[in-house]
Every structure is written in structure tokens, then in C-alpha cells.
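Visitor: Structure below; questions to follow.
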Amino acid sequence: MVQEVHLLCKSQIREEQMCGIIGCVCRRDCVQLIYRGLARMAYRGYDSAGIAVCTPEGIELRREHGKLENLKTRLQREPLAGCTGIGHTRWATHGKPSESNAHPQMYGKIAIVHNGIIENYAELRQELIAKGHVFASETDTEIVAHLISEQYESSHNLVQAVRNALKCVRGSYGLVVMCADCPDELVAARLQSPLLLGVGHDESFAASDIAAALEYTKDFIFLEDGDIAHLTSQHIEISDLSGAAQNRPVKTIDWDITKAEKQGYPYYMLKEIFEQPQKITDTFRGRILEEEATVNLDEPIEKLALESCSRLQIVACGTSYHAGLLGKYMIESLARIPVDVDVASEYRYRDPIIGPNDGFIAISQSGETADTYACLKIARERGAKILAICNVMDSSIPRASDATFYTRADPEIGVASTKAFTTQLASMLLLAIYIARRRNTVDVGRARELIRALRSVPQQMEAILLKSDDIRAAAQKLLRASSFLYLGRNVNYPIALEGALKLKEISYIHAEAYPSGEMKHGPIALIDETLPVVVIAPRNSTYEKTLSNLQEVRARGGRIISIVTKGDEMLSKVSEHFFEIPECDEFVQPFLSVLYLQLLAYHIADLLGNDVDQPRNLAKSVTVE
Ligand code: F6R
């Protein structure tokens with residue numbers, strides 16, 4: 001029996017993870033506000049969704065499993081109305097998402113939405129069952145609703161009830177609580193899970209994401225771990241678990257909400273691919289000193305003095321990891337500092353060697369990735385200097401870092417990362433030039449050459465994006481393949497990895513990437529006339545070597561799709577499809593090559609009829625390990 005409870009707990013734990021939550025207390029009907037907020041967070045999870053509101057008759061609830069549209073249909077059939085409400089969109093890896101496991105979870109007069117994990121779930125549940133509690137779901141969140149309800153019945157003070165309940169809980173949470181007796185109040189609490197408050201006119205919000213409330217206010221309070229906030233439409237009061245008042249500043253976020261909309265594109269991913277020239281320009285803005293042939297960084301980054309580190313350690317996950325791999329090539333080649341790059345989930349468990357003479361760079365679009373964050377904490381404890389390269393302002397990773405280089409890509413909604421990647425590359429290259437100039441490992445001439453090359457990237461990207469239709473035509477011919485191989489050397493190897501990841505994520509076609517030189521050591525056995533081999537081979541220092549690898553593919557009948565330097569007749573002749581990039585600096589090539597690979601993955605997925613923005617089994621922000 002005990003074992004059963006434990007097993008339930010484990011699968012359960014995995015079910016309550018990367019979710020989007022929102023709460024709203026206002027003087028108008030809040031259901032639409034909450035629904036639209038959920039729609040903006042749907043990339044966080046899309047297995048089930050729900051909304052609860054306070055009505056004069058008590059709390060009313062609508063929940064549906066599946067995508068948010070299912071909840072919309074339910075709301076059309078069974079409308080809800082009220083001025084105070086909470087909503088949730090959920091992502092699960094294990095166990096069937098179901099209506100009963102969807103949030104909000106309710107018990108007695110209490111309704112709650114929660115993002116995180118209650119680690120002592122099993123023991124709390126057993127204690128409550130012993131007291132006669134009956135559970136309607138398998139979620140750990142329902143336990144918190146029971147605990148708060150017990151506390152509320154004795155104190156009749158919602159904030160105190162939440163505080164007392166949370167004292168019994170171990171784990172992580174971003175949660176918002178509503179009580180049938182308090183129709184004009186919400187209580188929100190945060191511990192190791194993102195949560196912020198929106199300060200509106202006559203209305204207040206709590207949400208896991210800025211985008212969820214950005215349509216209603218630009219003024220936000222970022223809660224700290226251990227904060228409990230009491231929200232009414234007029235006031236917000238923040239305290240900690242002991243009841244001591246906490247002062248948190250209100251910050252104005254100048255993101256334009258239209259930037260988080262599709263603007264006529266069928267998918268966010270396509271819009272975000274096309275935004276890249278502008279986002280690269282934004283990332284460069286104010287950071288390039290053309291005259292001095294160097295890079296200008298914010299004071300906190302300068303103070304870190306990464307140039308005096310004996311070693312740099314980059315840690316990231318997924319696409320951000322690929323940007324880190326490219327960062328290694330850039331920094332080692334230009335600044336001559338050794339750089340190690342690790343996948344965060346590996347780094348954190350191998351007792352890494354890092355100390356005060358090292359610099360630690362965490363790369364993360366969301367700034368919330370749990371594994372990356374955990375590595376950062378290890379590096380911090382061991383005294384390393386911490387730099388974040390991040391897209392989301394004031395997210396957890398920047399807040400735990402000594403300094404942050406913001407990528408300025410604006411909200412990235414498509415689950416498959418695109419503009420975050422190229423702005424991370426731009427940031428890495430700027431950082432490499434900056435460190436190189438400080439260490440005097442590149443002269444003014446080479447720095448000027450690189451800066452000019454960087455300046456021309458947005459325009460060169462625009463020209464490549466014009467070829468989207470050609471890529472769609474190639475995609476049409478390739479989409480029946482059951483597997484792809486991606487090859488690249490040197491700076492093109494991380495691009496091969498990124499191309500393969502994009503294809504896997506959204507088309508569900510198997511793809512593998514290899515350094516071209518590794519082909520003969522195994523993968524060459526895969527090649528036959530059915531296997532598309534995507535070769536990233538623009539002319540650079542390793543071009544000749546790549547050519548000979550290609551001959552090996554050709555000799556075995558593989559279907560070659562190549563990315564080549566304009567005018568490369570030799571490669572274009574042997575390729576079934578070829579895509580050209582202009583002659584350019586080796587460090588600029590990845591910015592251009594990757595566009596073809598993003599578009600190829602996009603068009604194949606779209607032609608296969610997949611939901612490009614919300615691929616199966618994935619969530620945008622991986623806030624647990
Ligand atoms: C792939 C993708 C993921 C993320 C990874 C890290 O398209 O988006 O692989 O790159 O989950 O996320 P961040 O950068 O938010 O830490």
C-alpha cells in the first residue's frame with residue numbers, strides 16, 4: 001500500500017510541472033482576461049486547462065483536458081462570470097491528463113492553481129486521509145487545497161491560512177489561491193517557481209509569465225522565493241512565511257503586447273524566424289563601438305572581468321546549449337581562453353571542478369530552466385563569476401547571476417526556439433570580441449573586420465528569408481523520409497545539431513547530427529539512397545575536408561542537401577537541393593546557415609500537418625529537471 005502511494009506520488013510529481021498560472025482580481029468580468037492570459041502562456045503547457053471564478057453562489061469551475069480551445073468551447077457552452085478568478089494551463093509528461101487532474105483544484109471553499117512540485121506529497125496525503133479527507137484527483141496540488149482549507153476553517157484569514165499551509169509543504173511552488181468567502185481577494189505565493197504580480201488600474205494580477213498580463217498592465221512586481229502576496233483590486237501587500245512585510249519594487253516592462261502576437265503569420269515560429277534580422281539588430285544596439293572597433297557592455301558585465309578568468313564554463317540545455325557550443329569556438333578562437341561547454345543536466349551531477357578563477361556562463365532563453373539554474377547555483381557556491389545570457393528580463397537565472405547579457409529577442413512563443421538562438425549567437429560573438437579586445441588577442445584590424453561583418457548580418461538574413469518558398473518546395477520532396485543525417489565541421493557542427501533538433505521537435509522525423517569527420521567512425525553505415533544528408537558546407541577553413549566527407553556520402557548514394565557559399569558549383573552539382581549563403585566571415589556563416597535549417601524544419605512540419613507551435617510532448621519552459 002505504501003509502495004502504491006509512493007508510485008502514485010512519483011508519476012504525479014511529474015504531472016504538475018511546467019504550467020502557466022494566472023489570477024485576476026478586478027472590477028470587471030475577469031473570465032476573458034484570464035482566458036487571454038492563458039492563451040499567451042499556452043506554450044508553457046497544453047495538456048489541459050481550467051478557470052475558476054468567485055460568484056455570489058460560491059466558486060464555479062470549468063476544466064477541460066486537451067488544448068485551450070477545448071476550454072473555450074466549454075465556456076461557450078457553459079459560460080462563467082465573475083470579477084475574481086484563477087486559471088491554469090498544464091503540461092504533463094507521465095500519466096493521462098484528465099479533467100479531474102486539471103487545475104484549478106478545489107476543496108471546501110478553496111480553489112488553487114499551482115506550478116511546481118510538492119515533494120512531501122505522499123506523507124501529507126496519508127496524514128490527511130487519516131483525518132478523513134477524501135481526494136478527487138491524483139494531484140499534489142489538491143493536497144495544498146486541503147491544507148489551506150483546514151487552516152482557513154480555523155482562522156478565517158486567507159493569507160494566514162496559506163502561510164500556515166505552506167509551512168507544512170516541501171517542494172517548489174508558484175500558486176494562486178481563491179476563497180469562496182473572500183470574493184475580492186487572491187493570495188499568491190512563490191518558492192522556486194516563477195511568479196510575478198501585475199499592478200493595474202483597479203485590478204491586480206498574479207501570473208507565471210509577463211506575457212499573460214501584459215495586455216492589462218506594464219507595471220510588474222517580481223516576487224522572491226518565500227514571498228506571499230495578498231491581492232485586492234486596489235492593494236498588494238507582500239510578506240514572508242513568518243508574516244514579516246516585504247518591500248518589492250514595481251518595474252515597468254516596455255514590451256509591446258503586439259510583439260507577442262502572430263501578426264498575420266500562420267504560426268509564431270514562422271513569425272519568429274522572420275523577425276530574426278530585426279532582433280539581431282536590437283541585440284547589437286548600443287553595444288558596438290565602431291570607431292574603437294570594440295564592444296560596449298553594461299557596467300555589471302564589465303565589472304565581472306571575464307577576461308581575467310583562467311577558464312570559462314558554459315552551461316545550457318537544448319538549443320541554448322548549441323549556442324554555447326558555438327560560443328566556445330568564438331571565445332577560444334578570438335579571446336584565447338579555454339572554454340568548456342556542458343549540458344546542464346549532466347554538469348549538475350558530476351561534482352564539477354569550478355572556482356573563483358573561473359567564469360560561468362548560463363545561457364537560457366526563458367531564464368527558468370531548472371537544470372541550468374541548478375548548475376548556476378553550484379558555480380556560485382564555489383565562487384565562480386556568473387554571467388547569464390538570457391532573453392526574459394528578471395527571470396530566475398538573471399536574478400541569481402552577477403550580471404546579465406540580455407538577448408533582446410522579445411517574447412519567444414513558438415516552442416521550437418529560433419530567434420532566441422540567433423540572438424544568443426550574436427551575444428556570444430559580441431562577448432568574444434569584447435574579451436578578445438580586453439586581452440589584446442585580436443588587433444584593431446581583425447576586430448573592425450568582424451564588427452563590419454556582424455553589421456551586415458541582418459541584411460544578409462533578409463535575403464535568405466526571401467527564399468522560404470524554395471525551401472518549401474524542397475521540403476515537399478523530403479517529407480516522406482523517415483530519418484535525416486546532418487553534418488558539419490567546426491562552427492558548422494553546432495548548426496548541424498541545431499538543424500537536427502529543429503526537425504525532430506516539430507516534424508517528429510528522426511534526425512541525427514554528426515561532426516562530418518566522425519562519419520567514417522560509424523554513421524556512414526546508415527547511408528543509402530533513402531537517407532537525406534544535410535551538409536552545412538560553406539567555404540571556410542575546413543571546407544576541403546568537408547568536401548571529401550561529401551564524396552563519401554555521394555559514393556554511397558545518399559541524398560545530399562547542401563548549404564554552400566554562393567557560386568560553389570562543385571557542391572551544387574552533387575546536391576539534390578542546395579541553398580546558398582554569401583561569401584562571409586566564418587563566424588557569420590552560422591547566422592545564415594541556420595535560417596535554412598529552421599525553415600526546412602518548419603515547412604516539413606507544416607506540410608505534414610503538425611501543430612508547429614505546440615509540438616507533442618514538449619513545453620517551452622522546462623522549470624523542473
Ligand atoms: C528547442 C528548445 C529547447 C530549449 C531548452 C532550453 O527548440 O527550445 O531545447 O532551448 O529547453 O531552454 P532555455 O533556453 O529557456 O533555457
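As shown in the C-alpha cells, the chain order sets the letters A, B, ...; within each chain, residues go from 1, and ligands are also counted from 1 in the order they appear.
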Select from region 97-341 of chain A everything DSSP, run on the backbone, classes as strand (DSSP E or B), then give the selection as an NGL selection string.
Guide: :A and (105-107 or 110-118 or 171-179 or 186-191 or 196-199 or 204-207 or 219-222 or 228-231 or 236-239 or 245 or 250-252 or 288-289 or 294-295 or 311-316 or 339-341)
Visitor: Using only C-alpha atoms and all ligand atoms, what are the residues with an atom within 8 Å of ligand 1, set out as a VMD selection string?
Guide: chain A and resid 316 to 321 363 to 369 372 390 415 to 418 420 to 421 501 to 502 505 619 to 622
Visitor: Can you measure CA of Thr55 (chain A) to CA of Val25 (chain A) for me? One decimal in Å is fine.
Guide: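 Going from CA of Thr55 (chain A) over to CA of Val25 (chain A), I get 12.5 Å.
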Visitor: For region 352-355 of chain A, find every residue with an atom within 6 Å (counting only C-alpha atoms), except residues of its own chain fewer than 5 positions away, and show them as a count of residues only.
Guide: 3
Visitor: Once DSSP has gone over the backbone, tell me which residues of region 321-479 of chain A are in helix (DSSP H, G or I), as an MDAnalysis selection string.
Guide: chainID A and resid 321:335 344:347 370:381 396:399 419:439 444:455 457:465 468:478
Visitor: For the selection just defined, write its residues with C-alpha atoms to a file, as a PDB file, in the first residue's frame.
Guide:
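Dumped to result37.pdb:
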ATOM      1  CA  TYR A 321      23.439  24.540 -25.473  1.00  0.00           C
ATOM      2  CA  HIS A 322      24.064  24.648 -29.220  1.00  0.00           C
ATOM      3  CA  ALA A 323      24.591  28.405 -28.955  1.00  0.00           C
ATOM      4  CA  GLY A 324      27.049  27.657 -26.138  1.00  0.00           C
ATOM      5  CA  LEU A 325      28.985  25.233 -28.360  1.00  0.00           C
ATOM      6  CA  LEU A 326      29.360  27.982 -30.946  1.00  0.00           C
ATOM      7  CA  GLY A 327      30.375  30.345 -28.165  1.00  0.00           C
ATOM      8  CA  LYS A 328      33.285  28.021 -27.408  1.00  0.00           C
ATOM      9  CA  TYR A 329      34.573  28.290 -30.987  1.00  0.00           C
ATOM     10  CA  MET A 330      34.168  32.069 -30.912  1.00  0.00           C
ATOM     11  CA  ILE A 331      35.738  32.740 -27.499  1.00  0.00           C
ATOM     12  CA  GLU A 332      38.595  30.267 -27.845  1.00  0.00           C
ATOM     13  CA  SER A 333      39.475  31.430 -31.320  1.00  0.00           C
ATOM     14  CA  LEU A 334      39.233  35.163 -30.646  1.00  0.00           C
ATOM     15  CA  ALA A 335      39.946  35.578 -26.928  1.00  0.00           C
ATOM     16  CA  ALA A 344      23.149  21.364 -17.678  1.00  0.00           C
ATOM     17  CA  SER A 345      21.527  18.066 -16.698  1.00  0.00           C
ATOM     18  CA  GLU A 346      24.934  16.361 -16.942  1.00  0.00           C
ATOM     19  CA  TYR A 347      27.007  19.116 -15.373  1.00  0.00           C
ATOM     20  CA  ALA A 370      15.649  24.170 -13.793  1.00  0.00           C
ATOM     21  CA  ASP A 371      18.820  22.270 -14.701  1.00  0.00           C
ATOM     22  CA  THR A 372      20.647  25.389 -15.877  1.00  0.00           C
ATOM     23  CA  TYR A 373      19.573  27.213 -12.743  1.00  0.00           C
ATOM     24  CA  ALA A 374      20.800  24.365 -10.525  1.00  0.00           C
ATOM     25  CA  CYS A 375      24.242  24.439 -12.229  1.00  0.00           C
ATOM     26  CA  LEU A 376      24.419  28.187 -11.710  1.00  0.00           C
ATOM     27  CA  LYS A 377      23.845  27.707  -8.008  1.00  0.00           C
ATOM     28  CA  ILE A 378      26.667  25.148  -7.820  1.00  0.00           C
ATOM     29  CA  ALA A 379      29.042  27.518  -9.635  1.00  0.00           C
ATOM     30  CA  ARG A 380      28.019  30.381  -7.367  1.00  0.00           C
ATOM     31  CA  GLU A 381      28.598  28.332  -4.214  1.00  0.00           C
ATOM     32  CA  SER A 396      15.261  33.400 -12.134  1.00  0.00           C
ATOM     33  CA  ILE A 397      18.633  32.885 -13.875  1.00  0.00           C
ATOM     34  CA  PRO A 398      19.455  36.603 -14.344  1.00  0.00           C
ATOM     35  CA  ARG A 399      18.369  37.276 -10.792  1.00  0.00           C
ATOM     36  CA  LYS A 419      15.182  33.998 -32.702  1.00  0.00           C
ATOM     37  CA  ALA A 420      16.440  33.229 -29.207  1.00  0.00           C
ATOM     38  CA  PHE A 421      19.163  31.088 -30.790  1.00  0.00           C
ATOM     39  CA  THR A 422      20.455  33.654 -33.274  1.00  0.00           C
ATOM     40  CA  THR A 423      20.365  36.443 -30.696  1.00  0.00           C
ATOM     41  CA  GLN A 424      22.305  34.160 -28.347  1.00  0.00           C
ATOM     42  CA  LEU A 425      24.873  33.685 -31.130  1.00  0.00           C
ATOM     43  CA  ALA A 426      25.062  37.450 -31.598  1.00  0.00           C
ATOM     44  CA  SER A 427      25.561  37.873 -27.852  1.00  0.00           C
ATOM     45  CA  MET A 428      28.291  35.221 -27.749  1.00  0.00           C
ATOM     46  CA  LEU A 429      30.129  36.846 -30.624  1.00  0.00           C
ATOM     47  CA  LEU A 430      29.908  40.300 -29.052  1.00  0.00           C
ATOM     48  CA  LEU A 431      31.189  38.851 -25.800  1.00  0.00           C
ATOM     49  CA  ALA A 432      34.039  37.076 -27.584  1.00  0.00           C
ATOM     50  CA  ILE A 433      35.087  40.294 -29.329  1.00  0.00           C
ATOM     51  CA  TYR A 434      34.812  42.216 -26.071  1.00  0.00           C
ATOM     52  CA  ILE A 435      37.029  39.768 -24.166  1.00  0.00           C
ATOM     53  CA  ALA A 436      39.436  39.491 -27.083  1.00  0.00           C
ATOM     54  CA  ARG A 437      39.929  43.255 -27.229  1.00  0.00           C
ATOM     55  CA  ARG A 438      40.493  43.403 -23.466  1.00  0.00           C
ATOM     56  CA  ARG A 439      43.091  40.645 -23.687  1.00  0.00           C
ATOM     57  CA  VAL A 444      42.021  46.507 -34.232  1.00  0.00           C
ATOM     58  CA  GLY A 445      42.032  45.445 -37.879  1.00  0.00           C
ATOM     59  CA  ARG A 446      40.526  41.992 -37.229  1.00  0.00           C
ATOM     60  CA  ALA A 447      38.066  43.419 -34.695  1.00  0.00           C
ATOM     61  CA  ARG A 448      36.915  46.032 -37.207  1.00  0.00           C
ATOM     62  CA  GLU A 449      36.536  43.359 -39.876  1.00  0.00           C
ATOM     63  CA  LEU A 450      34.391  41.258 -37.533  1.00  0.00           C
ATOM     64  CA  ILE A 451      32.265  44.180 -36.452  1.00  0.00           C
ATOM     65  CA  ARG A 452      31.616  45.115 -40.090  1.00  0.00           C
ATOM     66  CA  ALA A 453      30.742  41.507 -40.819  1.00  0.00           C
ATOM     67  CA  LEU A 454      28.328  41.488 -37.879  1.00  0.00           C
ATOM     68  CA  ARG A 455      26.702  44.699 -39.026  1.00  0.00           C
ATOM     69  CA  VAL A 457      24.202  40.028 -40.797  1.00  0.00           C
ATOM     70  CA  PRO A 458      20.605  41.385 -40.619  1.00  0.00           C
ATOM     71  CA  GLN A 459      20.635  42.380 -44.290  1.00  0.00           C
ATOM     72  CA  GLN A 460      22.095  39.040 -45.347  1.00  0.00           C
ATOM     73  CA  MET A 461      19.470  37.256 -43.266  1.00  0.00           C
ATOM     74  CA  GLU A 462      16.703  39.197 -45.034  1.00  0.00           C
ATOM     75  CA  ALA A 463      17.951  37.933 -48.393  1.00  0.00           C
ATOM     76  CA  ILE A 464      17.884  34.317 -47.208  1.00  0.00           C
ATOM     77  CA  LEU A 465      14.397  34.613 -45.743  1.00  0.00           C
ATOM     78  CA  SER A 468      11.352  30.494 -47.966  1.00  0.00           C
ATOM     79  CA  ASP A 469       9.262  29.263 -50.915  1.00  0.00           C
ATOM     80  CA  ASP A 470      12.249  27.433 -52.456  1.00  0.00           C
ATOM     81  CA  ILE A 471      12.801  25.689 -49.167  1.00  0.00           C
ATOM     82  CA  ARG A 472       9.126  24.716 -49.035  1.00  0.00           C
ATOM     83  CA  ALA A 473       9.462  23.146 -52.496  1.00  0.00           C
ATOM     84  CA  ALA A 474      12.447  21.098 -51.274  1.00  0.00           C
ATOM     85  CA  ALA A 475      10.565  20.221 -48.088  1.00  0.00           C
ATOM     86  CA  GLN A 476       7.738  18.805 -50.199  1.00  0.00           C
ATOM     87  CA  LYS A 477      10.182  16.335 -51.762  1.00  0.00           C
ATOM     88  CA  LEU A 478      11.840  15.366 -48.483  1.00  0.00           C
TER      89      LEU A 478
END
Visitor: Tell me, in Å to one decimal, how far CA of Arg163 (chain A) is from CA of Arg62 (chain A).
Guide: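 Going from CA of Arg163 (chain A) over to CA of Arg62 (chain A), I get 26.9 Å.
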Visitor: State, in Å with one decimal place, the distance from CA of Glu292 (chain A) to CA of Phe587 (chain A).
Guide: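 CA of Phe587 (chain A) lies 20.3 Å from CA of Glu292 (chain A).
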Visitor: Using only C-alpha atoms, which of A:Leu195, A:Leu71, A:Gly499, A:Glu78 sits nearest Ala211 (chain A)?
Guide: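 Counting only C-alpha atoms, the residue closest to Ala211 (chain A) is A:Leu195.
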Visitor: Could you list, as a PyMOL selection string, every residue within 7 Å of Leu186 (chain A), counting only C-alpha atoms and ignoring same-chain residues fewer than 2 positions away?
Guide: chain A and resi 25+176-178+188+230-232
Visitor: Taking 2 positions as the minimum chain separation for residues in the same chain, which residues sit within 6 Å of region 133-146 of chain A when counting only C-alpha atoms? Answer as a ChimeraX atom specification.
Guide: /A:12,100-101,105,107,118,121,128-129,131,148-149
Visitor: Looking at only C-alpha atoms, which of A:Ile59, A:Val535, A:Cys168, A:Met269 is the one that sits closest to Asp611 (chain A)?
Guide: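 Residue with the minimum atom-to-atom distance to Asp611 (chain A): A:Met269.
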Visitor: Identify which of the residues A:Ala403, A:Val250, A:Glu576, A:Pro590 lies closest to Asn540 (chain A), counting only C-alpha atoms when measuring atom-to-atom distances.
Guide: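 Under the stated criterion, the closest residue is A:Pro590.
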